[in-house]
>>> print(open('entry26.cif').read())   # mmCIF, N, CA and C atoms
data_entry
#
loop_
_atom_site.label_atom_id
_atom_site.label_comp_id
_atom_site.auth_asym_id
_atom_site.auth_seq_id
_atom_site.Cartn_x
_atom_site.Cartn_y
_atom_site.Cartn_z
N MET A 28 112.65 -31.47 18.91
CA MET A 28 111.48 -31.04 18.19
C MET A 28 111.46 -31.66 16.79
N GLU A 29 110.31 -32.10 16.38
CA GLU A 29 110.16 -32.68 15.06
C GLU A 29 109.97 -31.58 14.03
N PRO A 30 110.53 -31.76 12.83
CA PRO A 30 110.26 -30.77 11.79
C PRO A 30 108.80 -30.84 11.38
N ASP A 31 108.30 -29.73 10.83
CA ASP A 31 106.90 -29.63 10.42
C ASP A 31 106.54 -30.66 9.37
N SER A 32 107.37 -30.80 8.33
CA SER A 32 107.05 -31.69 7.23
C SER A 32 108.34 -32.33 6.73
N VAL A 33 108.32 -33.65 6.57
CA VAL A 33 109.51 -34.36 6.13
C VAL A 33 109.15 -35.27 4.97
N SER A 34 109.86 -35.13 3.88
CA SER A 34 109.66 -36.02 2.74
C SER A 34 110.62 -37.19 2.90
N THR A 35 110.11 -38.38 2.69
CA THR A 35 110.95 -39.57 2.84
C THR A 35 111.13 -40.24 1.48
N GLY A 36 111.57 -39.48 0.50
CA GLY A 36 111.77 -40.03 -0.83
C GLY A 36 110.45 -40.30 -1.51
N LEU A 37 110.22 -41.56 -1.92
CA LEU A 37 108.99 -41.91 -2.62
C LEU A 37 107.85 -42.26 -1.68
N GLY A 38 108.15 -42.40 -0.40
CA GLY A 38 107.12 -42.75 0.57
C GLY A 38 106.27 -41.55 0.95
N PRO A 39 105.45 -41.75 1.95
CA PRO A 39 104.57 -40.67 2.38
C PRO A 39 105.34 -39.51 3.02
N VAL A 40 104.75 -38.35 2.97
CA VAL A 40 105.27 -37.18 3.65
C VAL A 40 104.82 -37.28 5.10
N ARG A 41 105.70 -36.93 6.03
CA ARG A 41 105.33 -36.91 7.44
C ARG A 41 105.13 -35.47 7.87
N GLU A 42 104.03 -35.19 8.56
CA GLU A 42 103.76 -33.84 9.04
C GLU A 42 103.44 -33.86 10.52
N VAL A 43 103.81 -32.76 11.18
CA VAL A 43 103.54 -32.60 12.60
C VAL A 43 102.78 -31.30 12.81
N SER A 44 101.68 -31.39 13.55
CA SER A 44 100.90 -30.21 13.91
C SER A 44 100.61 -30.25 15.39
N ALA A 45 100.05 -29.15 15.89
CA ALA A 45 99.66 -29.07 17.29
C ALA A 45 98.38 -28.26 17.38
N GLY A 46 97.58 -28.59 18.38
CA GLY A 46 96.32 -27.88 18.53
C GLY A 46 95.85 -27.86 19.96
N GLY A 47 94.76 -27.11 20.17
CA GLY A 47 94.24 -26.93 21.50
C GLY A 47 92.80 -27.37 21.67
N ILE A 48 92.56 -28.07 22.75
CA ILE A 48 91.22 -28.41 23.19
C ILE A 48 90.93 -27.45 24.34
N VAL A 49 90.17 -26.40 24.02
CA VAL A 49 89.92 -25.32 24.97
C VAL A 49 88.55 -25.56 25.60
N VAL A 50 88.56 -25.73 26.93
CA VAL A 50 87.32 -25.97 27.65
C VAL A 50 87.13 -24.86 28.67
N GLY A 51 85.96 -24.23 28.62
CA GLY A 51 85.64 -23.15 29.55
C GLY A 51 84.22 -23.29 30.06
N PRO A 52 83.75 -22.31 30.79
CA PRO A 52 82.39 -22.36 31.34
C PRO A 52 81.31 -22.50 30.26
N ALA A 53 81.58 -21.99 29.06
CA ALA A 53 80.59 -22.04 27.98
C ALA A 53 80.69 -23.32 27.15
N GLY A 54 81.58 -24.24 27.51
CA GLY A 54 81.72 -25.48 26.76
C GLY A 54 83.11 -25.62 26.16
N VAL A 55 83.15 -26.20 24.97
CA VAL A 55 84.42 -26.43 24.26
C VAL A 55 84.44 -25.52 23.04
N LEU A 56 85.62 -24.98 22.72
CA LEU A 56 85.78 -24.03 21.63
C LEU A 56 86.04 -24.78 20.32
N MET A 57 85.21 -24.51 19.31
CA MET A 57 85.34 -25.19 18.02
C MET A 57 85.37 -24.16 16.89
N ILE A 58 85.93 -24.61 15.75
CA ILE A 58 85.98 -23.77 14.56
C ILE A 58 85.34 -24.50 13.38
N LYS A 59 84.78 -23.71 12.48
CA LYS A 59 84.23 -24.25 11.23
C LYS A 59 85.17 -23.82 10.11
N VAL A 60 85.66 -24.81 9.34
CA VAL A 60 86.62 -24.56 8.27
C VAL A 60 86.24 -25.33 7.02
N LYS A 61 86.89 -24.98 5.93
CA LYS A 61 86.75 -25.74 4.69
C LYS A 61 87.99 -26.62 4.58
N ASN A 62 87.79 -27.93 4.42
CA ASN A 62 88.93 -28.85 4.38
C ASN A 62 89.52 -28.95 2.96
N LEU A 63 90.49 -29.84 2.79
CA LEU A 63 91.18 -29.99 1.49
C LEU A 63 90.26 -30.40 0.36
N MET A 64 89.13 -31.02 0.71
CA MET A 64 88.17 -31.45 -0.32
C MET A 64 87.02 -30.45 -0.46
N SER A 65 87.24 -29.25 0.07
CA SER A 65 86.25 -28.15 0.03
C SER A 65 84.97 -28.45 0.79
N GLN A 66 85.03 -29.39 1.73
CA GLN A 66 83.88 -29.67 2.58
C GLN A 66 83.96 -28.75 3.81
N VAL A 67 82.82 -28.27 4.25
CA VAL A 67 82.77 -27.45 5.45
C VAL A 67 82.59 -28.38 6.65
N VAL A 68 83.52 -28.28 7.62
CA VAL A 68 83.52 -29.16 8.79
C VAL A 68 83.77 -28.35 10.06
N TRP A 69 83.24 -28.86 11.17
CA TRP A 69 83.57 -28.33 12.50
C TRP A 69 84.69 -29.17 13.07
N THR A 70 85.67 -28.50 13.67
CA THR A 70 86.83 -29.19 14.22
C THR A 70 87.41 -28.34 15.35
N PHE A 71 88.62 -28.68 15.75
CA PHE A 71 89.30 -27.96 16.81
C PHE A 71 90.50 -27.21 16.22
N PRO A 72 90.89 -26.08 16.80
CA PRO A 72 91.99 -25.29 16.22
C PRO A 72 93.33 -26.02 16.31
N LYS A 73 94.03 -26.04 15.18
CA LYS A 73 95.36 -26.68 15.13
C LYS A 73 96.11 -26.14 13.92
N GLY A 74 97.41 -26.42 13.87
CA GLY A 74 98.21 -26.02 12.72
C GLY A 74 99.63 -26.51 12.84
N HIS A 75 100.39 -26.21 11.80
CA HIS A 75 101.78 -26.67 11.71
C HIS A 75 102.70 -25.93 12.68
N LEU A 76 103.74 -26.61 13.07
CA LEU A 76 104.80 -25.99 13.86
C LEU A 76 105.63 -25.10 12.96
N GLU A 77 105.95 -23.91 13.44
CA GLU A 77 106.86 -23.02 12.71
C GLU A 77 108.28 -23.30 13.17
N ALA A 78 109.25 -22.86 12.38
CA ALA A 78 110.66 -23.10 12.69
C ALA A 78 110.98 -22.63 14.11
N GLY A 79 111.61 -23.52 14.88
CA GLY A 79 112.04 -23.19 16.23
C GLY A 79 110.95 -23.28 17.28
N GLU A 80 109.75 -23.65 16.89
CA GLU A 80 108.62 -23.71 17.81
C GLU A 80 108.47 -25.11 18.40
N THR A 81 108.10 -25.17 19.67
CA THR A 81 107.75 -26.44 20.28
C THR A 81 106.27 -26.69 19.99
N ALA A 82 105.83 -27.92 20.21
CA ALA A 82 104.43 -28.26 19.95
C ALA A 82 103.48 -27.43 20.83
N ASP A 83 103.83 -27.25 22.10
CA ASP A 83 102.93 -26.47 22.97
C ASP A 83 102.87 -25.00 22.55
N GLN A 84 104.00 -24.44 22.11
CA GLN A 84 104.00 -23.06 21.62
C GLN A 84 103.14 -22.93 20.37
N ALA A 85 103.27 -23.90 19.46
CA ALA A 85 102.48 -23.88 18.23
C ALA A 85 100.99 -23.99 18.54
N ALA A 86 100.64 -24.84 19.49
CA ALA A 86 99.23 -25.02 19.84
C ALA A 86 98.64 -23.71 20.38
N LEU A 87 99.35 -23.04 21.27
CA LEU A 87 98.86 -21.77 21.80
C LEU A 87 98.73 -20.72 20.70
N ARG A 88 99.71 -20.65 19.81
CA ARG A 88 99.68 -19.68 18.71
C ARG A 88 98.51 -19.97 17.78
N GLU A 89 98.33 -21.23 17.41
CA GLU A 89 97.26 -21.59 16.49
C GLU A 89 95.89 -21.30 17.07
N VAL A 90 95.70 -21.60 18.34
CA VAL A 90 94.41 -21.30 18.98
C VAL A 90 94.15 -19.80 18.95
N LEU A 91 95.15 -19.01 19.27
CA LEU A 91 94.99 -17.56 19.24
C LEU A 91 94.67 -17.07 17.82
N GLU A 92 95.43 -17.54 16.83
CA GLU A 92 95.22 -17.11 15.44
C GLU A 92 93.85 -17.52 14.90
N GLU A 93 93.43 -18.74 15.22
CA GLU A 93 92.21 -19.28 14.62
C GLU A 93 90.94 -18.96 15.40
N THR A 94 91.08 -18.54 16.67
CA THR A 94 89.89 -18.28 17.47
C THR A 94 89.84 -16.88 18.08
N GLY A 95 91.00 -16.23 18.21
CA GLY A 95 91.06 -14.95 18.90
C GLY A 95 91.15 -15.08 20.41
N TRP A 96 91.25 -16.32 20.91
CA TRP A 96 91.33 -16.56 22.35
C TRP A 96 92.76 -16.82 22.80
N GLN A 97 93.20 -16.07 23.79
CA GLN A 97 94.48 -16.32 24.44
C GLN A 97 94.20 -17.34 25.54
N CYS A 98 95.01 -18.40 25.58
CA CYS A 98 94.74 -19.50 26.51
C CYS A 98 95.96 -19.84 27.35
N ARG A 99 95.71 -20.63 28.37
CA ARG A 99 96.76 -21.15 29.25
C ARG A 99 96.78 -22.67 29.10
N LEU A 100 97.97 -23.22 28.94
CA LEU A 100 98.12 -24.67 28.81
C LEU A 100 97.83 -25.37 30.13
N ARG A 101 97.08 -26.45 30.06
CA ARG A 101 96.91 -27.33 31.22
C ARG A 101 97.81 -28.54 31.10
N GLY A 102 98.19 -28.88 29.86
CA GLY A 102 99.08 -30.01 29.66
C GLY A 102 98.72 -30.79 28.42
N PRO A 103 99.52 -31.82 28.09
CA PRO A 103 99.23 -32.66 26.93
C PRO A 103 97.88 -33.35 27.10
N PHE A 104 97.18 -33.51 26.00
CA PHE A 104 95.86 -34.14 26.04
C PHE A 104 95.88 -35.49 25.33
N LEU A 105 96.28 -35.47 24.05
CA LEU A 105 96.28 -36.70 23.26
C LEU A 105 97.11 -36.46 22.00
N ASP A 106 97.85 -37.46 21.58
CA ASP A 106 98.52 -37.43 20.26
C ASP A 106 97.70 -38.28 19.32
N VAL A 107 97.36 -37.71 18.17
CA VAL A 107 96.53 -38.39 17.19
C VAL A 107 97.34 -38.59 15.92
N HIS A 108 97.31 -39.80 15.38
CA HIS A 108 98.01 -40.14 14.14
C HIS A 108 96.96 -40.51 13.09
N TYR A 109 97.14 -40.00 11.86
CA TYR A 109 96.26 -40.39 10.78
C TYR A 109 96.96 -40.17 9.44
N THR A 110 96.39 -40.74 8.39
CA THR A 110 96.94 -40.61 7.04
C THR A 110 95.86 -40.06 6.13
N PHE A 111 96.26 -39.18 5.23
CA PHE A 111 95.34 -38.64 4.23
C PHE A 111 96.12 -38.37 2.95
N LYS A 112 95.42 -38.01 1.89
CA LYS A 112 96.09 -37.70 0.62
C LYS A 112 95.97 -36.22 0.31
N ARG A 113 97.09 -35.64 -0.12
CA ARG A 113 97.13 -34.26 -0.57
C ARG A 113 97.85 -34.26 -1.91
N ASP A 114 97.18 -33.76 -2.93
CA ASP A 114 97.74 -33.73 -4.28
C ASP A 114 98.19 -35.13 -4.72
N GLY A 115 97.41 -36.15 -4.37
CA GLY A 115 97.70 -37.51 -4.78
C GLY A 115 98.79 -38.21 -3.99
N ARG A 116 99.35 -37.55 -2.99
CA ARG A 116 100.44 -38.12 -2.21
C ARG A 116 100.00 -38.38 -0.78
N ALA A 117 100.38 -39.53 -0.25
CA ALA A 117 100.02 -39.89 1.13
C ALA A 117 100.77 -38.99 2.11
N VAL A 118 100.04 -38.56 3.14
CA VAL A 118 100.62 -37.76 4.21
C VAL A 118 100.34 -38.48 5.52
N ASP A 119 101.40 -38.84 6.25
CA ASP A 119 101.28 -39.40 7.59
C ASP A 119 101.40 -38.24 8.57
N LYS A 120 100.36 -38.02 9.34
CA LYS A 120 100.33 -36.85 10.20
C LYS A 120 100.18 -37.24 11.65
N VAL A 121 100.86 -36.48 12.52
CA VAL A 121 100.65 -36.58 13.95
C VAL A 121 100.26 -35.18 14.43
N VAL A 122 99.23 -35.14 15.27
CA VAL A 122 98.82 -33.88 15.88
C VAL A 122 98.95 -34.04 17.39
N HIS A 123 99.73 -33.14 17.98
CA HIS A 123 99.90 -33.11 19.43
C HIS A 123 98.83 -32.16 19.98
N TRP A 124 97.84 -32.73 20.68
CA TRP A 124 96.75 -31.94 21.24
C TRP A 124 97.05 -31.61 22.69
N PHE A 125 96.72 -30.36 23.06
CA PHE A 125 96.94 -29.89 24.42
C PHE A 125 95.61 -29.40 24.99
N ARG A 126 95.41 -29.69 26.26
CA ARG A 126 94.23 -29.19 26.97
C ARG A 126 94.53 -27.76 27.41
N MET A 127 93.59 -26.86 27.20
CA MET A 127 93.80 -25.44 27.50
C MET A 127 92.60 -24.85 28.22
N ASP A 128 92.89 -23.81 29.00
CA ASP A 128 91.86 -23.00 29.63
C ASP A 128 91.85 -21.63 28.95
N PRO A 129 90.68 -21.07 28.65
CA PRO A 129 90.63 -19.74 28.05
C PRO A 129 91.01 -18.69 29.10
N GLU A 130 91.79 -17.68 28.67
CA GLU A 130 92.13 -16.59 29.57
C GLU A 130 91.39 -15.32 29.18
N LYS A 131 91.50 -14.92 27.90
CA LYS A 131 90.77 -13.74 27.47
C LYS A 131 90.66 -13.71 25.96
N ARG A 132 89.61 -13.10 25.50
CA ARG A 132 89.42 -12.90 24.06
C ARG A 132 90.26 -11.70 23.69
N SER A 133 91.22 -11.88 22.81
CA SER A 133 92.12 -10.78 22.48
C SER A 133 92.05 -10.39 21.01
N GLY A 134 91.07 -10.89 20.31
CA GLY A 134 90.93 -10.55 18.90
C GLY A 134 89.84 -11.39 18.27
N GLU A 135 89.81 -11.37 16.96
CA GLU A 135 88.85 -12.14 16.20
C GLU A 135 89.56 -13.33 15.57
N TRP A 136 88.78 -14.30 15.11
CA TRP A 136 89.38 -15.43 14.42
C TRP A 136 89.83 -15.01 13.04
N ASP A 137 90.70 -15.80 12.45
CA ASP A 137 91.27 -15.53 11.13
C ASP A 137 90.22 -15.81 10.05
N PRO A 138 89.66 -14.77 9.41
CA PRO A 138 88.61 -14.99 8.42
C PRO A 138 89.11 -15.66 7.14
N GLU A 139 90.43 -15.70 6.94
CA GLU A 139 90.99 -16.38 5.76
C GLU A 139 90.93 -17.90 5.92
N GLU A 140 91.00 -18.37 7.17
CA GLU A 140 91.02 -19.80 7.44
C GLU A 140 89.74 -20.31 8.09
N VAL A 141 89.11 -19.48 8.90
CA VAL A 141 88.01 -19.91 9.75
C VAL A 141 86.70 -19.25 9.33
N LEU A 142 85.68 -20.08 9.10
CA LEU A 142 84.36 -19.58 8.70
C LEU A 142 83.52 -19.18 9.90
N ASP A 143 83.72 -19.86 11.03
CA ASP A 143 82.97 -19.57 12.25
C ASP A 143 83.75 -20.13 13.43
N CYS A 144 83.50 -19.58 14.59
CA CYS A 144 84.16 -20.01 15.82
C CYS A 144 83.14 -19.82 16.93
N ARG A 145 82.93 -20.89 17.73
CA ARG A 145 81.97 -20.73 18.82
C ARG A 145 82.19 -21.78 19.90
N TRP A 146 81.62 -21.46 21.07
CA TRP A 146 81.62 -22.37 22.20
C TRP A 146 80.42 -23.28 22.04
N VAL A 147 80.62 -24.58 22.25
CA VAL A 147 79.53 -25.55 22.15
C VAL A 147 79.59 -26.50 23.34
N SER A 148 78.45 -27.07 23.68
CA SER A 148 78.42 -28.09 24.73
C SER A 148 79.14 -29.34 24.21
N LEU A 149 79.54 -30.19 25.12
CA LEU A 149 80.19 -31.44 24.72
C LEU A 149 79.24 -32.29 23.88
N MET A 150 77.97 -32.29 24.21
CA MET A 150 77.00 -33.04 23.43
C MET A 150 76.89 -32.49 22.00
N GLU A 151 76.90 -31.16 21.88
CA GLU A 151 76.84 -30.55 20.55
C GLU A 151 78.13 -30.83 19.78
N ALA A 152 79.27 -30.77 20.46
CA ALA A 152 80.55 -31.06 19.81
C ALA A 152 80.53 -32.47 19.24
N LYS A 153 79.97 -33.39 19.99
CA LYS A 153 79.90 -34.79 19.55
C LYS A 153 79.09 -34.91 18.25
N SER A 154 78.05 -34.11 18.12
CA SER A 154 77.22 -34.18 16.91
C SER A 154 77.81 -33.37 15.75
N LEU A 155 78.66 -32.39 16.05
CA LEU A 155 79.22 -31.53 14.99
C LEU A 155 80.44 -32.15 14.30
N VAL A 156 81.28 -32.87 15.06
CA VAL A 156 82.54 -33.36 14.48
C VAL A 156 82.27 -34.45 13.46
N SER A 157 83.15 -34.48 12.43
CA SER A 157 82.99 -35.52 11.41
C SER A 157 84.25 -36.38 11.29
N TYR A 158 85.41 -35.84 11.64
CA TYR A 158 86.64 -36.62 11.54
C TYR A 158 86.71 -37.66 12.65
N LYS A 159 87.20 -38.84 12.31
CA LYS A 159 87.36 -39.92 13.29
C LYS A 159 88.26 -39.46 14.45
N SER A 160 89.33 -38.74 14.12
CA SER A 160 90.25 -38.28 15.16
C SER A 160 89.57 -37.27 16.10
N ASP A 161 88.67 -36.44 15.58
CA ASP A 161 87.94 -35.50 16.43
C ASP A 161 86.96 -36.22 17.33
N HIS A 162 86.37 -37.31 16.84
CA HIS A 162 85.49 -38.12 17.69
C HIS A 162 86.29 -38.68 18.87
N ARG A 163 87.52 -39.09 18.61
CA ARG A 163 88.38 -39.60 19.70
C ARG A 163 88.64 -38.51 20.74
N LEU A 164 88.85 -37.28 20.27
CA LEU A 164 89.10 -36.17 21.20
C LEU A 164 87.87 -35.92 22.08
N VAL A 165 86.70 -35.92 21.47
CA VAL A 165 85.47 -35.71 22.23
C VAL A 165 85.26 -36.85 23.23
N GLU A 166 85.54 -38.08 22.82
CA GLU A 166 85.41 -39.22 23.73
C GLU A 166 86.34 -39.05 24.93
N GLN A 167 87.57 -38.59 24.69
CA GLN A 167 88.51 -38.37 25.79
C GLN A 167 88.00 -37.27 26.72
N LEU A 168 87.42 -36.23 26.15
CA LEU A 168 86.86 -35.16 26.98
C LEU A 168 85.72 -35.71 27.84
N GLU A 169 84.89 -36.54 27.25
CA GLU A 169 83.77 -37.13 28.00
C GLU A 169 84.26 -37.97 29.18
N LYS A 170 85.37 -38.66 28.98
CA LYS A 170 85.93 -39.50 30.04
C LYS A 170 86.63 -38.67 31.11
N GLY A 171 86.97 -37.41 30.76
CA GLY A 171 87.70 -36.59 31.71
C GLY A 171 89.16 -36.97 31.78
N VAL A 172 89.63 -37.67 30.75
CA VAL A 172 91.02 -38.12 30.72
C VAL A 172 91.89 -36.99 30.18
N GLU A 173 92.99 -36.70 30.88
CA GLU A 173 93.85 -35.58 30.49
C GLU A 173 95.02 -36.00 29.62
N LYS A 174 95.25 -37.27 29.42
CA LYS A 174 96.41 -37.68 28.60
C LYS A 174 96.01 -38.80 27.69
#
>>> encode(input="entry26.cif", output="structure tokens")
Amino acid sequence: MEPDSVSTGLGPVREVSAGGIVVGPAGVLMIKVKNLMSQVVWTFPKGHLEAGETADQAALREVLEETGWQCRLRGPFLDVHYTFKRDGRAVDKVVHWFRMDPEKRSGEWDPEEVLDCRWVSLMEAKSLVSYKSDHRLVEQLEKGVEK
């Protein structure tokens, strides 16, 4: 298992997260959040790995925390790599995405992190996402590719 965040001296910080692409009869599950630049964006639920957690465990936990949906893993979907700046420092990030099926709504989304959560059609998801990496996820969903 990779640690959540690793500093490599003066170079970029490396971070590992995991998330879920939840597809059900009502479409794909998305969340609306405020990003690091205070922009409001629609994206997919994800977050950092906690100590001792595997990527798939973190993905299931994050989906539950951010959406209120308990899900079942179908398997790995896509690993996405990107770089961004936080507090003036480069961050190299990898997100391990997993394909999931919804099982039951067991709570509400986290109002501290999530502004809205809803099921959307794939076509609507394509128009809502703004991150390049999220566009790749939607493209993979359109292709029906599981890995």
>>> select_by_dssp(input="entry26.cif", residues="segment 30-172 of chain A", states="helix (DSSP H, G or I)", output="ChimeraX atom specification")
/A:82-94,149-155,159-170
>>> select_by_dssp(input="entry26.cif", residues="chain A", states="strand (DSSP E)", output="count of residues only")
70
>>> resolve_selection(input="entry26.cif", expression="the PyMOL selection byres (((chain A and resi 97-114 and name CA) around 9) and name CA)", output="PyMOL selection string")
chain A and resi 39+45+47-49+63+83+87-88+90-91+94-96+115-134+160+163-164+167+172-174
>>> closest_residue(input="entry26.cif", among="A:Glu140, A:Glu135, A:Thr70, A:Ser148", to="Asp161 of chain A", atoms="all atoms listed in the file")
A:Thr70
>>> resolve_selection(input="entry26.cif", expression="the PyMOL selection byres ((chain A and resi 143) around 8)", output="ChimeraX atom specification")
/A:57-61,93-94,136-138,140-142,144-145
>>> residues_around(input="entry26.cif", residues="segment 149-152 of chain A", least_positions_apart="3", cutoff="9 Å", atoms="only C-alpha atoms", output="ChimeraX atom specification")
/A:54-57,69-70,155-156,162,165,168-169
>>> write_last_selection(input="entry26.cif", atoms="N, CA and C atoms", output="PDB file, in the coordinates of the input")
ATOM      1  N   GLY A  54      81.580 -24.240  27.510  1.00  0.00           N
ATOM      2  CA  GLY A  54      81.720 -25.480  26.760  1.00  0.00           C
ATOM      3  C   GLY A  54      83.110 -25.620  26.160  1.00  0.00           C
ATOM      4  N   VAL A  55      83.150 -26.200  24.970  1.00  0.00           N
ATOM      5  CA  VAL A  55      84.420 -26.430  24.260  1.00  0.00           C
ATOM      6  C   VAL A  55      84.440 -25.520  23.040  1.00  0.00           C
ATOM      7  N   LEU A  56      85.620 -24.980  22.720  1.00  0.00           N
ATOM      8  CA  LEU A  56      85.780 -24.030  21.630  1.00  0.00           C
ATOM      9  C   LEU A  56      86.040 -24.780  20.320  1.00  0.00           C
ATOM     10  N   MET A  57      85.210 -24.510  19.310  1.00  0.00           N
ATOM     11  CA  MET A  57      85.340 -25.190  18.020  1.00  0.00           C
ATOM     12  C   MET A  57      85.370 -24.160  16.890  1.00  0.00           C
ATOM     13  N   TRP A  69      83.240 -28.860  11.170  1.00  0.00           N
ATOM     14  CA  TRP A  69      83.570 -28.330  12.500  1.00  0.00           C
ATOM     15  C   TRP A  69      84.690 -29.170  13.070  1.00  0.00           C
ATOM     16  N   THR A  70      85.670 -28.500  13.670  1.00  0.00           N
ATOM     17  CA  THR A  70      86.830 -29.190  14.220  1.00  0.00           C
ATOM     18  C   THR A  70      87.410 -28.340  15.350  1.00  0.00           C
ATOM     19  N   LEU A 155      78.660 -32.390  16.050  1.00  0.00           N
ATOM     20  CA  LEU A 155      79.220 -31.530  14.990  1.00  0.00           C
ATOM     21  C   LEU A 155      80.440 -32.150  14.300  1.00  0.00           C
ATOM     22  N   VAL A 156      81.280 -32.870  15.060  1.00  0.00           N
ATOM     23  CA  VAL A 156      82.540 -33.360  14.480  1.00  0.00           C
ATOM     24  C   VAL A 156      82.270 -34.450  13.460  1.00  0.00           C
ATOM     25  N   HIS A 162      86.370 -37.310  16.840  1.00  0.00           N
ATOM     26  CA  HIS A 162      85.490 -38.120  17.690  1.00  0.00           C
ATOM     27  C   HIS A 162      86.290 -38.680  18.870  1.00  0.00           C
ATOM     28  N   VAL A 165      86.700 -35.920  21.470  1.00  0.00           N
ATOM     29  CA  VAL A 165      85.470 -35.710  22.230  1.00  0.00           C
ATOM     30  C   VAL A 165      85.260 -36.850  23.230  1.00  0.00           C
ATOM     31  N   LEU A 168      87.420 -36.230  26.150  1.00  0.00           N
ATOM     32  CA  LEU A 168      86.860 -35.160  26.980  1.00  0.00           C
ATOM     33  C   LEU A 168      85.720 -35.710  27.840  1.00  0.00           C
ATOM     34  N   GLU A 169      84.890 -36.540  27.250  1.00  0.00           N
ATOM     35  CA  GLU A 169      83.770 -37.130  28.000  1.00  0.00           C
ATOM     36  C   GLU A 169      84.260 -37.970  29.180  1.00  0.00           C
TER      37      GLU A 169
END
>>> atom_distance(input="entry26.cif", atom1="atom CA of Arg41 of chain A", atom2="atom CA of Leu76 of chain A")
12.7 Å
